$ cat final-v4.txt   # compact mmCIF, C-alpha atoms
# COMPACT_ATOMS: atom_id res chain seq x y z
CA MET X 1 0.00 0.00 0.00
CA THR X 2 1.17 3.48 -0.68
CA ILE X 3 0.24 6.75 0.84
CA LYS X 4 0.39 10.29 -0.22
CA ILE X 5 0.60 13.20 2.09
CA PHE X 6 -1.81 15.97 1.37
CA VAL X 7 -1.70 19.29 3.04
CA LEU X 8 -4.91 21.21 2.94
CA ASP X 9 -4.67 24.81 3.94
CA ARG X 10 -7.16 27.57 3.71
CA LYS X 11 -4.81 29.88 1.86
CA THR X 12 -4.97 29.84 -1.91
CA LYS X 13 -2.08 29.88 -4.34
CA SER X 14 -2.65 33.54 -4.96
CA GLU X 15 -2.02 34.14 -1.28
CA GLY X 16 1.28 32.35 -1.42
CA LEU X 17 0.23 28.87 -0.29
CA ASN X 18 3.18 27.24 -2.02
CA ARG X 19 5.52 29.99 -1.04
CA ASP X 20 4.60 29.97 2.63
CA TRP X 21 4.88 26.21 2.94
CA LYS X 22 8.08 26.00 0.98
CA SER X 23 9.65 28.70 3.01
CA ILE X 24 8.83 27.13 6.35
CA VAL X 25 9.00 23.40 5.74
CA PRO X 26 12.61 22.24 5.70
CA VAL X 27 13.90 21.17 2.30
CA SER X 28 14.97 17.87 3.86
CA PHE X 29 11.33 16.93 4.33
CA PRO X 30 9.72 14.86 1.62
CA PRO X 31 7.72 16.65 -1.02
CA ILE X 32 4.11 17.22 -0.18
CA ILE X 33 1.05 17.91 -2.21
CA LEU X 34 -0.29 21.32 -1.42
CA LEU X 35 -3.92 22.03 -2.02
CA SER X 36 -6.05 24.91 -1.03
CA TYR X 37 -9.57 24.14 0.07
CA GLU X 38 -10.95 25.24 -3.27
CA GLU X 39 -8.51 23.09 -5.24
CA TYR X 40 -9.27 20.06 -3.13
CA GLU X 41 -12.87 20.16 -4.21
CA GLY X 42 -11.71 18.99 -7.60
CA CYS X 43 -9.20 16.48 -6.37
CA LYS X 44 -10.96 13.94 -4.21
CA PRO X 45 -9.00 10.82 -3.28
CA LYS X 46 -9.69 7.84 -5.46
CA PRO X 47 -9.32 4.15 -4.62
CA GLU X 48 -6.41 3.73 -7.04
CA HIS X 49 -4.44 6.26 -5.00
CA GLY X 50 -4.24 3.77 -2.21
CA ASP X 51 -4.88 4.53 1.41
CA LEU X 52 -4.35 8.16 2.08
CA VAL X 53 -3.21 10.12 5.02
CA ILE X 54 -4.62 13.54 4.77
CA ILE X 55 -3.48 16.35 6.92
CA HIS X 56 -6.24 18.81 7.28
CA LEU X 57 -5.10 22.12 8.61
CA SER X 58 -7.86 24.22 9.91
CA ASP X 59 -8.21 27.38 11.86
CA PHE X 60 -10.58 27.26 14.74
CA LEU X 61 -12.53 30.28 13.67
CA PRO X 62 -12.80 30.16 9.91
CA ARG X 63 -13.45 33.35 8.12
CA SER X 64 -17.03 33.90 7.19
CA GLY X 65 -17.91 32.03 4.04
CA GLU X 66 -15.35 29.36 4.69
CA GLU X 67 -17.24 27.61 7.42
CA LYS X 68 -19.54 25.89 4.95
CA LEU X 69 -16.59 24.92 2.76
CA GLU X 70 -14.82 23.43 5.74
CA THR X 71 -17.89 21.46 6.76
CA ASN X 72 -18.26 20.09 3.24
CA LEU X 73 -14.61 19.12 3.18
CA ASP X 74 -14.97 17.31 6.45
CA ARG X 75 -17.96 15.44 5.13
CA SER X 76 -16.19 14.45 1.93
CA LEU X 77 -13.13 13.30 3.84
CA CYS X 78 -15.30 11.13 6.07
CA SER X 79 -16.98 9.54 3.11
CA THR X 80 -13.76 8.37 1.46
CA GLY X 81 -12.96 5.98 4.26
CA CYS X 82 -9.31 6.92 4.00
CA LEU X 83 -7.02 7.28 6.94
CA ARG X 84 -7.05 10.84 8.08
CA LEU X 85 -4.78 12.83 10.27
CA LEU X 86 -6.49 15.98 11.36
CA ILE X 87 -4.35 18.78 12.63
CA SER X 88 -5.57 22.04 14.01
CA GLY X 89 -3.80 24.93 12.42
CA SER X 90 -1.26 27.15 14.01
CA GLY X 91 -3.88 29.68 14.97
CA SER X 92 -6.16 27.27 16.77
CA ASN X 93 -6.40 27.69 20.46
CA LYS X 94 -9.36 25.47 21.18
CA SER X 95 -10.23 21.93 20.41
CA LYS X 96 -12.19 21.15 17.32
CA THR X 97 -14.17 18.10 16.35
CA SER X 98 -14.64 16.70 12.87
CA GLN X 99 -17.87 15.55 11.32
CA ASP X 100 -17.44 12.02 12.62
CA GLY X 101 -16.60 13.08 16.11
CA ARG X 102 -12.83 12.87 15.94
CA GLU X 103 -10.98 15.58 17.74
CA TYR X 104 -8.38 17.45 15.75
CA ILE X 105 -4.89 17.03 17.06
CA ARG X 106 -3.82 20.33 18.48
CA CYS X 107 -0.34 21.49 17.77
CA ALA X 108 -0.18 23.25 21.10
CA PRO X 109 -2.07 23.28 24.37
CA VAL X 110 -5.43 24.98 24.45
CA GLY X 111 -5.07 28.70 24.76
CA TYR X 112 -1.60 28.84 23.30
CA PRO X 113 -1.47 28.89 19.54
CA THR X 114 1.78 27.94 17.97
CA ASP X 115 3.49 29.29 14.90
CA PRO X 116 3.31 27.96 11.37
CA VAL X 117 6.91 26.75 11.41
CA PHE X 118 6.28 24.44 14.33
CA SER X 119 2.82 23.31 13.29
CA SER X 120 3.77 22.47 9.72
CA ARG X 121 6.80 20.44 10.75
CA LEU X 122 4.82 18.67 13.43
CA ALA X 123 2.09 17.84 10.92
CA ILE X 124 4.53 16.23 8.50
CA PHE X 125 6.26 14.34 11.30
CA LEU X 126 2.96 12.98 12.59
CA ALA X 127 2.10 11.83 9.09
CA TYR X 128 5.27 9.78 9.08
CA LEU X 129 4.44 8.29 12.45
CA THR X 130 0.93 7.47 11.35
CA ALA X 131 1.95 5.80 8.13
CA LEU X 132 4.99 3.78 9.04
CA PRO X 133 3.63 1.47 11.75
CA SER X 134 0.81 0.36 9.51
CA GLY X 135 3.29 -0.96 6.97
CA MET X 136 2.59 1.70 4.43
CA ASN X 137 5.46 2.86 2.30
CA PRO X 138 5.14 6.56 1.92
CA THR X 139 5.42 7.74 -1.62
CA TRP X 140 5.86 11.34 -2.16
CA GLY X 141 3.79 13.89 -3.86
CA LEU X 142 4.22 15.99 -6.90
CA ILE X 143 6.01 18.98 -5.53
CA GLU X 144 9.73 18.77 -5.11
CA PRO X 145 11.29 21.12 -2.61
CA ASP X 146 13.33 23.72 -4.39
CA ALA X 147 17.06 23.51 -3.97
CA ILE X 148 18.82 26.78 -4.55
CA PRO X 149 21.61 26.67 -7.14
CA GLU X 150 24.31 27.43 -4.62
CA HIS X 151 27.20 27.86 -7.00
CA LEU X 152 25.31 30.14 -9.34
CA VAL X 153 24.19 32.25 -6.36
CA ALA X 154 27.77 32.35 -5.07
CA ILE X 155 29.13 33.45 -8.43
CA TYR X 156 26.41 36.10 -8.60
CA LEU X 157 27.37 37.42 -5.15
CA LEU X 158 31.01 37.57 -6.20
CA SER X 159 30.05 39.52 -9.30
CA LEU X 160 28.06 41.93 -7.11
CA ALA X 161 31.12 42.45 -4.97
CA ALA X 162 33.29 42.99 -8.03
CA GLU X 163 30.84 45.62 -9.17
CA GLN X 164 31.23 47.32 -5.79
CA ASN X 165 34.91 47.72 -6.62
CA GLN X 166 36.01 44.90 -4.48
CA LYS X 167 38.97 42.99 -5.83
CA ILE X 168 37.79 39.45 -6.33
CA ASP X 169 40.31 36.81 -7.35
CA PHE X 170 38.05 34.70 -9.49
CA THR X 171 40.91 32.26 -10.25
CA ARG X 172 40.27 30.80 -6.83
CA TYR X 173 36.77 29.82 -7.87
CA SER X 174 37.34 27.81 -11.03
CA GLU X 175 35.45 24.76 -9.78
CA GLU X 176 32.60 26.88 -8.50
CA LEU X 177 32.36 28.71 -11.80
CA GLU X 178 32.08 25.45 -13.72
CA LYS X 179 29.37 24.21 -11.38
CA ALA X 180 27.60 27.55 -11.65
CA LYS X 181 27.54 27.19 -15.42
CA VAL X 182 26.00 23.73 -15.12
CA GLN X 183 23.31 25.12 -12.82
CA PHE X 184 22.80 28.05 -15.17
CA LYS X 185 22.15 25.72 -18.11
CA ALA X 186 19.87 23.53 -16.01
CA LEU X 187 17.76 26.60 -15.29
CA GLY X 188 17.49 27.35 -19.00
CA GLY X 189 20.21 29.98 -19.15
CA LYS X 190 21.65 30.59 -22.60
CA ASN X 191 24.19 33.38 -22.38
CA GLU X 192 27.17 32.25 -24.45
CA ALA X 193 29.59 34.76 -22.98
CA PHE X 194 28.98 33.39 -19.52
CA LEU X 195 29.09 29.77 -20.61
CA ALA X 196 32.34 30.33 -22.46
CA SER X 197 34.01 32.24 -19.64
CA ASP X 198 36.78 30.93 -17.48
CA THR X 199 38.18 32.28 -14.25
CA ASN X 200 40.58 34.56 -16.12
CA SER X 201 37.91 36.17 -18.26
CA PHE X 202 35.10 36.05 -15.75
CA ALA X 203 36.23 39.15 -13.87
CA GLU X 204 35.38 41.17 -16.94
CA ILE X 205 32.45 39.03 -18.05
CA ALA X 206 30.75 39.36 -14.67
CA MET X 207 30.38 43.11 -15.12
CA ARG X 208 28.57 42.88 -18.44
CA PRO X 209 24.90 43.82 -18.14
CA ASP X 210 23.77 41.03 -20.46
CA VAL X 211 25.59 38.41 -18.36
CA ARG X 212 24.23 39.80 -15.10
CA ASP X 213 20.73 39.87 -16.55
CA ALA X 214 21.04 36.32 -17.82
CA ILE X 215 22.13 35.03 -14.42
CA ARG X 216 19.35 36.98 -12.71
CA HIS X 217 16.81 35.61 -15.14
CA ALA X 218 18.00 32.07 -14.49
CA LEU X 219 17.84 32.54 -10.72
CA GLN X 220 14.34 33.97 -10.96
CA SER X 221 13.16 30.98 -12.90
CA ASN X 222 14.24 28.61 -10.13
CA MET J 1 15.53 45.67 -11.98
CA ALA J 2 13.25 43.90 -9.56
CA PRO J 3 15.18 42.07 -6.83
CA ILE J 4 15.24 38.29 -6.73
CA ILE J 5 13.77 36.71 -3.62
CA LEU J 6 15.33 33.39 -2.66
CA ILE J 7 12.39 31.42 -1.33
CA GLY J 8 13.19 28.20 0.49
CA VAL J 9 16.48 29.43 1.95
CA PRO J 10 16.18 29.59 5.75
CA CYS J 11 15.54 33.18 6.71
CA THR J 12 14.79 34.02 10.33
CA ALA J 13 13.31 37.39 9.44
CA ASN J 14 10.86 35.79 7.03
CA ALA J 15 9.91 33.11 9.57
CA LEU J 16 9.15 35.91 12.04
CA ARG J 17 7.21 37.79 9.38
CA THR J 18 5.19 34.67 8.63
CA GLN J 19 4.38 34.02 12.27
CA LEU J 20 3.24 37.58 12.85
CA ARG J 21 1.27 37.76 9.63
CA HIS J 22 -0.50 34.38 9.87
CA SER J 23 -0.36 33.00 13.39
CA TRP J 24 -1.05 36.29 15.11
CA LEU J 25 -2.76 38.84 12.91
CA ALA J 26 -4.74 36.57 10.59
CA ASN J 27 -5.56 33.79 13.04
CA GLN J 28 -5.96 35.66 16.30
CA ILE J 29 -7.01 39.22 15.55
CA LEU J 30 -8.39 39.75 12.04
CA ASN J 31 -10.56 36.65 12.25
CA LYS J 32 -12.54 38.16 15.10
CA SER J 33 -15.21 40.73 14.53
CA GLU J 34 -16.35 43.16 17.19
CA SER J 35 -19.28 40.87 18.04
CA ASP J 36 -16.92 37.87 18.36
CA VAL J 37 -14.90 39.74 20.94
CA VAL J 38 -17.96 40.84 22.87
CA PHE J 39 -19.05 37.21 22.90
CA LEU J 40 -15.62 36.12 24.20
CA ARG J 41 -15.83 38.66 26.98
CA LYS J 42 -19.23 37.38 28.02
CA GLN J 43 -17.77 33.87 28.15
CA GLY J 44 -15.34 35.05 30.76
CA SER J 45 -11.79 35.28 29.53
CA TRP J 46 -9.37 35.55 26.67
CA PRO J 47 -5.94 34.70 28.11
CA SER J 48 -4.07 35.49 24.88
CA ILE J 49 -4.60 39.22 25.21
CA TYR J 50 -2.45 39.10 28.34
CA SER J 51 -0.10 36.20 27.72
CA GLU J 52 0.61 36.23 24.02
CA PHE J 53 -0.11 39.64 22.57
CA ASP J 54 2.82 41.27 24.37
CA THR J 55 5.14 38.56 23.07
CA ARG J 56 3.90 39.16 19.53
CA LEU J 57 4.35 42.90 19.89
CA ASP J 58 7.90 42.31 21.04
CA ASP J 59 8.39 40.02 18.02
CA ALA J 60 7.13 42.78 15.75
CA GLN J 61 9.62 45.14 17.35
CA ARG J 62 12.39 42.58 16.77
CA LEU J 63 11.34 42.32 13.15
CA ALA J 64 11.55 46.10 12.82
CA ALA J 65 15.19 45.85 13.88
CA MET J 66 15.73 43.09 11.34
CA ILE J 67 14.26 44.86 8.33
CA GLU J 68 17.66 45.85 6.98
CA PRO J 69 19.91 42.96 8.00
CA GLY J 70 17.34 40.16 8.08
CA PHE J 71 16.79 39.88 4.33
CA SER J 72 20.31 40.79 3.24
CA PRO J 73 22.28 38.53 0.89
CA ALA J 74 25.18 39.00 3.30
CA LEU J 75 23.53 36.16 5.23
CA LEU J 76 24.29 33.84 2.33
CA VAL J 77 28.02 34.42 2.65
CA ASP J 78 27.90 32.54 5.95
CA SER J 79 25.50 29.83 4.84
CA LEU J 80 26.68 28.85 1.35
CA SER J 81 29.08 25.92 1.43
CA VAL J 82 31.01 27.53 -1.44
CA PHE J 83 32.36 30.14 0.96
CA ALA J 84 33.00 27.77 3.84
CA ASN J 85 36.78 28.08 3.69
CA MET J 86 36.97 31.77 2.87
CA ASP J 87 39.34 33.72 5.11
CA ALA J 88 37.82 36.07 7.64
CA GLN J 89 38.80 39.37 6.06
CA LEU J 90 37.68 38.38 2.61
CA ARG J 91 34.43 37.11 4.07
CA ALA J 92 33.84 40.41 5.85
CA ASP J 93 34.63 42.37 2.71
CA LEU J 94 32.32 40.23 0.62
CA LYS J 95 29.49 40.58 3.12
CA GLN J 96 29.88 44.32 3.22
CA ALA J 97 29.94 44.61 -0.56
CA VAL J 98 26.82 42.52 -1.20
CA HIS J 99 25.03 44.19 1.67
CA SER J 100 25.79 47.61 0.17
CA ALA J 101 24.41 46.47 -3.18
CA TYR J 102 21.27 45.21 -1.43
CA VAL J 103 20.74 48.43 0.54
CA ALA J 104 21.17 50.52 -2.60
CA ALA J 105 18.67 48.41 -4.54
CA PHE J 106 16.10 47.55 -1.89
CA ARG J 107 16.36 50.60 0.39
CA PRO J 108 15.12 48.86 3.54
CA ALA J 109 15.53 52.03 5.57
CA ASP J 110 12.59 53.52 3.66
CA LEU J 111 10.26 50.88 5.11
CA LEU J 112 11.30 51.29 8.69
CA PRO J 113 9.49 54.49 9.75
CA SER J 114 6.07 53.30 8.63
CA PHE J 115 6.65 49.82 10.03
CA GLN J 116 7.75 51.20 13.39
CA LYS J 117 4.73 53.49 13.52
CA ALA J 118 2.45 50.55 12.76
CA VAL J 119 3.99 48.54 15.60
CA ASP J 120 3.67 51.47 18.00
CA ASP J 121 0.05 52.09 16.99
CA MET J 122 -0.76 48.41 17.42
CA ARG J 123 0.77 48.35 20.89
CA SER J 124 -1.19 51.42 21.90
CA ALA J 125 -4.44 50.03 20.49
CA ILE J 126 -4.00 46.72 22.30
CA ASN J 127 -3.19 48.45 25.58
CA THR J 128 -6.33 50.55 25.25
CA PHE J 129 -8.39 47.49 24.36
CA ARG J 130 -7.07 45.57 27.38
CA HIS J 131 -7.93 48.45 29.65
CA THR J 132 -11.44 48.62 28.21
CA TRP J 133 -11.81 44.85 28.56
CA ASP J 134 -10.81 45.03 32.23
CA VAL J 135 -12.80 48.01 33.39
CA SER J 136 -15.98 47.90 31.36
CA SER J 137 -19.11 46.87 33.14
CA ASP J 138 -21.43 44.25 31.77
CA ALA J 139 -23.18 47.02 29.92
CA GLY J 140 -19.92 48.20 28.35
CA ASP J 141 -20.17 46.14 25.17
CA ASP J 142 -20.11 49.22 22.98
CA ARG J 143 -16.86 50.41 24.48
CA VAL J 144 -15.23 47.01 24.06
CA SER J 145 -16.50 46.82 20.53
CA GLU J 146 -15.20 50.27 19.70
CA SER J 147 -11.74 49.66 21.10
CA TRP J 148 -11.53 46.33 19.26
CA SER J 149 -12.50 48.09 16.07
CA HIS J 150 -9.44 50.29 16.50
CA VAL J 151 -7.27 47.21 17.07
CA LEU J 152 -8.58 45.80 13.80
CA GLU J 153 -7.73 48.99 11.93
CA CYS J 154 -4.18 48.94 13.25
CA ALA J 155 -3.88 45.22 12.53
CA LYS J 156 -4.85 45.75 8.89
CA VAL J 157 -2.16 48.40 8.49
CA LEU J 158 0.45 46.12 10.06
CA GLU J 159 -0.71 43.19 7.95
CA LYS J 160 -0.27 45.19 4.78
CA LEU J 161 3.24 46.21 5.80
CA LEU J 162 4.14 42.62 6.66
CA ASP J 163 2.91 41.60 3.21
CA SER J 164 5.18 44.20 1.64
CA LEU J 165 8.29 42.76 3.26
CA PRO J 166 10.37 40.27 1.29
CA LYS J 167 9.44 36.60 1.62
CA GLY J 168 13.08 35.56 1.81
CA ILE J 169 16.62 36.70 1.24
CA VAL J 170 16.90 39.42 -1.39
CA LEU J 171 19.38 39.30 -4.24
CA PRO J 172 19.68 42.75 -5.78

$ encode --input "final-v4.txt" --output "C-alpha cells"
Amino acid sequence: MTIKIFVLDRKTKSEGLNRDWKSIVPVSFPPIILLSYEEYEGCKPKPEHGDLVIIHLSDFLPRSGEEKLETNLDRSLCSTGCLRLLISGSGSNKSKTSQDGREYIRCAPVGYPTDPVFSSRLAIFLAYLTALPSGMNPTWGLIEPDAIPEHLVAIYLLSLAAEQNQKIDFTRYSEELEKAKVQFKALGGKNEAFLASDTNSFAEIAMRPDVRDAIRHALQSN
Amino acid sequence: MAPIILIGVPCTANALRTQLRHSWLANQILNKSESDVVFLRKQGSWPSIYSEFDTRLDDAQRLAAMIEPGFSPALLVDSLSVFANMDAQLRADLKQAVHSAYVAAFRPADLLPSFQKAVDDMRSAINTFRHTWDVSSDAGDDRVSESWSHVLECAKVLEKLLDSLPKGIVLP
C-alpha cells in the first residue's frame, strides 16, 4: 500500500500557499502535495491512489464564508474511508471536532497557539508516524522542494562584490564557476559569454549587463 | 531591476514575518469581529490578550530591527558551502559589498518608519483594548467593541506592511 501526504490549507495559491509552505518546511522533508480548500474540491481521493493520510489544517474560527466549505470538506473526507490525520492549524487555540466526532490534534495546548513553522513540521512528522507502523510505504507527492543553485548564487554574489569595486580573485573559484555554469544551463540559461568564460575572463564578463541579466533571469526561474 | 527573492532558503526574518502575519494577525485578531470579541468577553476570559499579545508585539519590534539585516544577501556568505573556507577578512569584505548592493537596490531604511509606527500604533491600540476589557461593566459592550474596532484597523495596516516585506533573502 502506498500513501500520499496531502496538506490542505485555507490559503490559496494567490495568497502564497506554495511559497509559505516551501519557506517554512525544511527542504529535507519529503515533497508534499499542497492544495487549497478550493482546489481540493476537484481532487478527491480515489481508490487507485491507495490509502491516504490527509493532513487537514484548519483554523478554529474560519473566516465567514469558509465555514460551509470546511464542513463540506470534512464530510467528503469522512466519506472516502481513507485514513485521516487531522491537525488544528497554528492559529487554533481550542479543540475542534470533525464531522465524525474525531478531535483534531492540536499542535499546542489549548489557549496557546503555535506558529506555522512548528505546526507544519509537526504535521509532516505525525504523518510519518501514522503511516509507518501500519506498513505503508510513503510515496511522495508531486512537488519537489526547491534547492537553490548554490554555486550560481555564489558566483552572482562575487560579481556583485566585483561591481562594488572589491577585488575578487576569481581564479580561486574555477570549480565553483564550472558548477555555476552547469546550474545556469539547467535553469534554462543561454548566455554564451557566460558559458564560455573561465576564471581569467570572468572578472570582466561578470560586469557585463547582459551576463548579469542572464544570471538573474535564471535565478528567478528557479 | 526587480530584486530576486530566494524562497526556500532559511531566513529568520521571514519566519518571524510569517508568524506575525498568519499565526497572530490573521488567526488571532483579524478573524474576530467586534461581536466575536464581545461574545468572548461574556464567556469570561481571553488569556491570549495578556499572555501572548505582548510577546507578539515584542516580536514585531524585533522584526523592525531586522528589516535591513534580516533579508540581506550578506547572510548567504555565511551559509553557502562555497564560501566555507573563505578567510575572515575576505568574508567580511564580501558581506559588506553585497550588503551595500542590497541596501542601494532595496532601500530597507525607507520601510522602517512606517513599520515602526504601525507597531507602536498596534501596541497602543491593544493596551487601550485591554484596559477597556478590564474596566468595562457588563453594559460596556459598545466600548469594548469600539476599542476592538481600533485594534482591527491597526492590525490591517500592520498586515499590509508585513505583506510588503520580502518573503526571503533578497538578491539585488

$ atom_distance --input "final-v4.txt" --atom1 "atom CA of X:Ile148" --atom2 "atom CA of X:Gln220"
10.6 Å

$ atom_distance --input "final-v4.txt" --atom1 "atom CA of X:Phe202" --atom2 "atom CA of J:Ala2"
24.0 Å

$ atom_distance --input "final-v4.txt" --atom1 "atom CA of J:Ala15" --atom2 "atom CA of J:Ile67"
12.6 Å

$ closest_residue --input "final-v4.txt" --among "J:Arg41, J:Arg21, J:Arg62, J:Lys117" --to "chain X" --atoms "only C-alpha atoms"
J:Arg21

$ closest_residue --input "final-v4.txt" --among "X:Ala161, X:Leu177, X:Gln166, X:Glu150" --to "J:Pro172" --atoms "only C-alpha atoms"
X:Ala161

$ residues_around --input "final-v4.txt" --residues "X:Ser197" --least-positions-apart "4" --cutoff "10 Å" --atoms "all atoms listed in the file" --output "list in words"
Leu177, Glu178, Lys181, Glu192, Ala193, Ser201, Phe202, Ala203, Glu204, Ile205 and Ala206 of chain X

$ interface_residues --input "final-v4.txt" --of "chain J" --to "chain X" --cutoff "7 Å" --atoms "only C-alpha atoms" --output "list in words"
Ile4, Ile7, Gly8, Val9, Ala15, Gln19, Ser23, Asn27, Gln28, Asn31, Pro47, Ser48, Leu80, Val82, Leu94, Ala97 and Val98 of chain J

$ decode --input "final-v4.txt" --residues "stretch 146-172 of chain J" --atoms "N, CA and C atoms" --output "short mmCIF file (atom, residue, chain, number, x, y, z; two decimals), in the first residue's frame"
data_model
loop_
_atom_site.label_atom_id
_atom_site.label_comp_id
_atom_site.auth_asym_id
_atom_site.auth_seq_id
_atom_site.Cartn_x
_atom_site.Cartn_y
_atom_site.Cartn_z
N GLU J 146 -15.86 49.13 20.34
CA GLU J 146 -15.20 50.27 19.70
C GLU J 146 -13.68 50.15 19.79
N SER J 147 -13.21 49.76 20.95
CA SER J 147 -11.74 49.66 21.10
C SER J 147 -11.20 48.51 20.27
N TRP J 148 -11.98 47.43 20.12
CA TRP J 148 -11.53 46.33 19.26
C TRP J 148 -11.51 46.76 17.80
N SER J 149 -12.45 47.58 17.43
CA SER J 149 -12.50 48.09 16.07
C SER J 149 -11.20 48.83 15.73
N HIS J 150 -10.70 49.58 16.72
CA HIS J 150 -9.44 50.29 16.50
C HIS J 150 -8.27 49.30 16.39
N VAL J 151 -8.32 48.24 17.18
CA VAL J 151 -7.27 47.21 17.07
C VAL J 151 -7.29 46.62 15.65
N LEU J 152 -8.47 46.37 15.14
CA LEU J 152 -8.58 45.80 13.80
C LEU J 152 -8.01 46.74 12.74
N GLU J 153 -8.27 48.01 12.90
CA GLU J 153 -7.73 48.99 11.93
C GLU J 153 -6.21 48.95 11.95
N CYS J 154 -5.65 48.96 13.14
CA CYS J 154 -4.18 48.94 13.25
C CYS J 154 -3.62 47.62 12.73
N ALA J 155 -4.35 46.53 12.99
CA ALA J 155 -3.88 45.22 12.53
C ALA J 155 -3.84 45.16 11.00
N LYS J 156 -4.82 45.77 10.37
CA LYS J 156 -4.85 45.75 8.89
C LYS J 156 -3.66 46.53 8.32
N VAL J 157 -3.31 47.62 8.96
CA VAL J 157 -2.16 48.40 8.49
C VAL J 157 -0.89 47.56 8.65
N LEU J 158 -0.75 46.93 9.80
CA LEU J 158 0.45 46.12 10.06
C LEU J 158 0.50 44.92 9.12
N GLU J 159 -0.65 44.34 8.86
CA GLU J 159 -0.71 43.19 7.95
C GLU J 159 -0.22 43.58 6.56
N LYS J 160 -0.67 44.74 6.12
CA LYS J 160 -0.27 45.19 4.78
C LYS J 160 1.25 45.42 4.72
N LEU J 161 1.79 45.97 5.78
CA LEU J 161 3.24 46.21 5.80
C LEU J 161 4.00 44.90 5.86
N LEU J 162 3.49 43.94 6.62
CA LEU J 162 4.14 42.62 6.66
C LEU J 162 4.12 41.97 5.28
N ASP J 163 3.01 42.16 4.57
CA ASP J 163 2.91 41.60 3.21
C ASP J 163 3.90 42.26 2.26
N SER J 164 4.27 43.49 2.55
CA SER J 164 5.18 44.20 1.64
C SER J 164 6.64 43.84 1.89
N LEU J 165 6.90 43.16 3.00
CA LEU J 165 8.29 42.76 3.26
C LEU J 165 8.67 41.60 2.35
N PRO J 166 9.97 41.42 2.12
CA PRO J 166 10.37 40.27 1.29
C PRO J 166 9.98 38.95 1.94
N LYS J 167 9.80 37.92 1.09
CA LYS J 167 9.44 36.60 1.62
C LYS J 167 10.68 35.71 1.74
N GLY J 168 11.84 36.32 1.70
CA GLY J 168 13.08 35.56 1.81
C GLY J 168 14.26 36.49 1.60
N ILE J 169 15.41 35.90 1.44
CA ILE J 169 16.62 36.70 1.24
C ILE J 169 16.57 37.35 -0.13
N VAL J 170 16.99 38.61 -0.17
CA VAL J 170 16.90 39.42 -1.39
C VAL J 170 18.24 39.43 -2.12
N LEU J 171 18.19 39.15 -3.39
CA LEU J 171 19.38 39.30 -4.24
C LEU J 171 19.14 40.51 -5.13
N PRO J 172 19.92 41.55 -4.96
CA PRO J 172 19.68 42.75 -5.78
C PRO J 172 20.06 42.52 -7.24
#
